[in-house]
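S.K.: Following this message is one structure expressed as structure tokens.
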Amino acid sequence: MVNTFSTGVWFQTTAMNDIQNKIDECSAFLKKIQTGSPTIGIVLGTGLGALVDKINVKAKVSYSEIPHFPVATVEFHRGALIFGTVGDKNVVIMQGRFHYYEGYSMQQITFPVRVMKKLGVQHLLLSNAAGGINKDYKKGDLIIINDHINLQPENPLRGLNDPSFGNRFVDMCRPYDPTLNKALNDAAAEMYVDLKNGVYAAVPG
């Protein structure tokens, strides 16, 4: 008689080990390219690729050249990983992101973020273009996300509670760093930028 629980645990453990090995291979490849150790990761969404023009670029590599990296299939997402500096901070930037609606699994979508962590990234800034249902919001408004509602059929934390990936039961009382959000709000106020705050509803697309 087969113990289905043990079989399931073996399968998940094998899958997690495979992901970890790919992360290790990918990060080892990128460490040969990067200059400095990036502490800040930035993921650029639709229409925000031009931010790279404001970065002091040190190295750039196409997603297609990076081991195990997915490839962006959405128009306007260029598909390049960029190492550089903003002020005195070392950053790594994803110029083009991956989406669930492209057919990628959650593990594939979150793979680059796990690689960033392996490279030393401590703070992650995510950006995207999205519609809104708040009538006070207008097209082009900048909004800080302070919470989200996951309406997708999958969750990237699903699976074994593996120490190498961190706790799968994340404290959702503060999923977005309030200190960083306050810093962004304060900076926007100093620059007279109308920065709004809201809750993001994540859907398959």
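By convention in this document, the chains of the structure tokens carry letters A, B, ... by their order, each chain's residues are numbered from 1, and ligands are numbered from 1 in the order they are shown.
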To test your reading of the structure, identify every residue in segment 51-203 of chain A that backbone DSSP assigns to strand (DSSP E), and report it as a PyMOL selection string.
M.R.: chain A and resi 56-62+80-86+89-95+123-126+142-150+195-202
S.K.: Would you mind listing what lies within 10 Å of Ala201 of chain A as number ranges by chain, with only C-alpha atoms counted and same-chain residues fewer than 5 positions away left out?
M.R.: A: 130-132, 147-152
S.K.: Would you output that residue set with C-alpha atoms, as a short mmCIF file (atom, residue, chain, number, x, y, z; two decimals), in the first residue's frame?
M.R.:
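Written file, result.cif:
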```cif
data_model
loop_
_atom_site.label_atom_id
_atom_site.label_comp_id
_atom_site.auth_asym_id
_atom_site.auth_seq_id
_atom_site.Cartn_x
_atom_site.Cartn_y
_atom_site.Cartn_z
CA ALA A 130 -3.74 49.14 -13.59
CA GLY A 131 -7.32 50.25 -13.91
CA GLY A 132 -9.30 51.44 -10.93
CA ASP A 147 -2.88 46.20 0.90
CA HIS A 148 -4.17 43.75 -1.69
CA ILE A 149 -6.94 41.26 -2.35
CA ASN A 150 -5.82 38.14 -4.20
CA LEU A 151 -8.56 37.14 -6.66
CA GLN A 152 -6.29 34.82 -8.62
#
```
S.K.: With distances taken over only C-alpha atoms, which of A:Ala202, A:Ile143, A:Leu30, A:Ile40 is nearest to Val91 of chain A?
M.R.: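 Using only C-alpha atoms, the shortest distance to Val91 of chain A belongs to A:Ile40.
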S.K.: Let's see if you can do this: from backbone DSSP, list all helix (DSSP H, G or I) residues in segment 50-104 of chain A, as a list of chain:residue names.
M.R.: A:Ala50, A:Leu51, A:Val52, A:Asp53, A:Lys54, A:Tyr63, A:Ser64, A:Glu65, A:Tyr100, A:Tyr101, A:Glu102
S.K.: Store the residues of this selection in a file with N, CA, C and O atoms, as a CSV table (one decimal), in the first residue's frame.
M.R.:
```csv
chain,number,residue,atom,x,y,z
A,50,ALA,N,11.0,53.5,-19.3
A,50,ALA,CA,11.9,54.7,-19.5
A,50,ALA,C,12.6,55.1,-18.2
A,50,ALA,O,13.5,55.9,-18.3
A,51,LEU,N,12.2,54.5,-17.1
A,51,LEU,CA,12.9,54.9,-15.9
A,51,LEU,C,14.4,54.5,-15.9
A,51,LEU,O,15.2,55.1,-15.3
A,52,VAL,N,14.7,53.5,-16.8
A,52,VAL,CA,16.0,53.1,-16.9
A,52,VAL,C,16.9,54.2,-17.4
A,52,VAL,O,18.1,54.3,-17.1
A,53,ASP,N,16.4,55.2,-18.1
A,53,ASP,CA,17.1,56.3,-18.6
A,53,ASP,C,17.7,57.2,-17.4
A,53,ASP,O,18.6,58.0,-17.6
A,54,LYS,N,17.1,57.0,-16.3
A,54,LYS,CA,17.5,57.8,-15.1
A,54,LYS,C,18.5,57.0,-14.2
A,54,LYS,O,18.9,57.5,-13.2
A,63,TYR,N,16.8,38.7,-20.7
A,63,TYR,CA,16.3,37.5,-20.0
A,63,TYR,C,16.6,36.2,-20.7
A,63,TYR,O,16.8,35.2,-20.1
A,64,SER,N,16.6,36.3,-22.0
A,64,SER,CA,16.8,35.0,-22.8
A,64,SER,C,18.2,34.5,-22.6
A,64,SER,O,18.5,33.3,-22.9
A,65,GLU,N,19.2,35.3,-22.1
A,65,GLU,CA,20.5,34.8,-21.8
A,65,GLU,C,20.7,34.3,-20.4
A,65,GLU,O,21.8,33.7,-20.1
A,100,TYR,N,0.6,36.1,-14.9
A,100,TYR,CA,-0.1,34.9,-14.8
A,100,TYR,C,-0.9,34.6,-16.0
A,100,TYR,O,-0.9,33.5,-16.5
A,101,TYR,N,-1.4,35.7,-16.7
A,101,TYR,CA,-2.2,35.5,-17.9
A,101,TYR,C,-1.4,35.1,-19.1
A,101,TYR,O,-1.9,34.7,-20.1
A,102,GLU,N,-0.1,35.2,-19.0
A,102,GLU,CA,0.8,34.7,-20.1
A,102,GLU,C,0.9,33.2,-20.1
A,102,GLU,O,1.4,32.7,-21.1
```
S.K.: For Leu195 of chain A, list every protein, DNA or RNA residue within 12 Å, evaluated using only C-alpha atoms, and leave out those in the same chain fewer than 4 positions away; present the list as a PyMOL selection string.
M.R.: chain A and resi 137-138+140-145+181-191
S.K.: For each of A:Phe111, A:Leu124, A:Gly103, A:Met94, take the minimum atom-to-atom distance to Pro156 of chain A, counting only C-alpha atoms, then give the residue where this is smallest.
M.R.: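 Counting only C-alpha atoms, the residue closest to Pro156 of chain A is A:Phe111.
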S.K.: May I ask for the distance between atom CA of Ile23 of chain A and atom CA of Arg114 of chain A, given in Å to one decimal place?
M.R.: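 The value is 7.1 Å.
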S.K.: Closest to Lys196 of chain A among A:Ser164, A:Asn128, A:Thr110, A:Asn134, using only C-alpha atoms?
M.R.: A:Asn134
S.K.: Excluding Asn21 of chain A and its own-chain neighbours fewer than 3 positions away, which residues fall within 12 Å of it when counting only C-alpha atoms? Please give them as a short mmCIF file (atom, residue, chain, number, x, y, z; two decimals) with N, CA and C atoms, in the first residue's frame.
M.R.:
```
data_model
loop_
_atom_site.label_atom_id
_atom_site.label_comp_id
_atom_site.auth_asym_id
_atom_site.auth_seq_id
_atom_site.Cartn_x
_atom_site.Cartn_y
_atom_site.Cartn_z
N THR A 14 11.10 17.36 -3.80
CA THR A 14 11.88 17.27 -5.03
C THR A 14 11.69 18.51 -5.88
N ALA A 15 10.44 18.98 -5.99
CA ALA A 15 10.14 20.16 -6.79
C ALA A 15 10.81 21.40 -6.19
N MET A 16 10.76 21.53 -4.87
CA MET A 16 11.37 22.68 -4.21
C MET A 16 12.89 22.65 -4.37
N ASN A 17 13.47 21.46 -4.28
CA ASN A 17 14.93 21.33 -4.47
C ASN A 17 15.32 21.72 -5.89
N ASP A 18 14.48 21.37 -6.86
CA ASP A 18 14.74 21.71 -8.25
C ASP A 18 14.71 23.23 -8.43
N ASP A 24 20.05 28.91 -7.54
CA ASP A 24 21.49 28.94 -7.29
C ASP A 24 22.28 29.10 -8.59
N GLU A 25 21.88 28.37 -9.63
CA GLU A 25 22.56 28.46 -10.93
C GLU A 25 22.38 29.85 -11.53
N CYS A 26 21.18 30.37 -11.44
CA CYS A 26 20.88 31.69 -12.00
C CYS A 26 21.66 32.79 -11.28
N SER A 27 21.64 32.76 -9.95
CA SER A 27 22.34 33.79 -9.18
C SER A 27 23.85 33.71 -9.39
N ALA A 28 24.38 32.51 -9.52
CA ALA A 28 25.82 32.34 -9.77
C ALA A 28 26.20 32.97 -11.11
N PRO A 67 20.08 31.84 -17.31
CA PRO A 67 19.62 30.46 -17.08
C PRO A 67 18.31 30.42 -16.29
N HIS A 68 17.35 29.67 -16.83
CA HIS A 68 16.07 29.38 -16.18
C HIS A 68 15.14 30.58 -16.06
N PHE A 111 10.09 33.56 -9.58
CA PHE A 111 11.48 33.10 -9.68
C PHE A 111 12.48 34.27 -9.67
N ARG A 114 12.98 35.70 -6.19
CA ARG A 114 13.77 34.81 -5.33
C ARG A 114 15.27 34.92 -5.70
N VAL A 115 15.54 35.11 -6.98
CA VAL A 115 16.93 35.29 -7.41
C VAL A 115 17.47 36.61 -6.87
N LYS A 118 18.59 36.22 -3.44
CA LYS A 118 19.86 35.50 -3.41
C LYS A 118 21.03 36.43 -3.72
N SER A 164 14.50 27.87 3.00
CA SER A 164 15.22 28.62 1.98
C SER A 164 14.33 29.62 1.25
#
```
S.K.: Got a sec: who's within 9 Å of Leu126 of chain A, counting only C-alpha atoms, leaving out chain neighbours fewer than 2 positions off, as a PyMOL selection string?
M.R.: chain A and resi 41-45+124+128
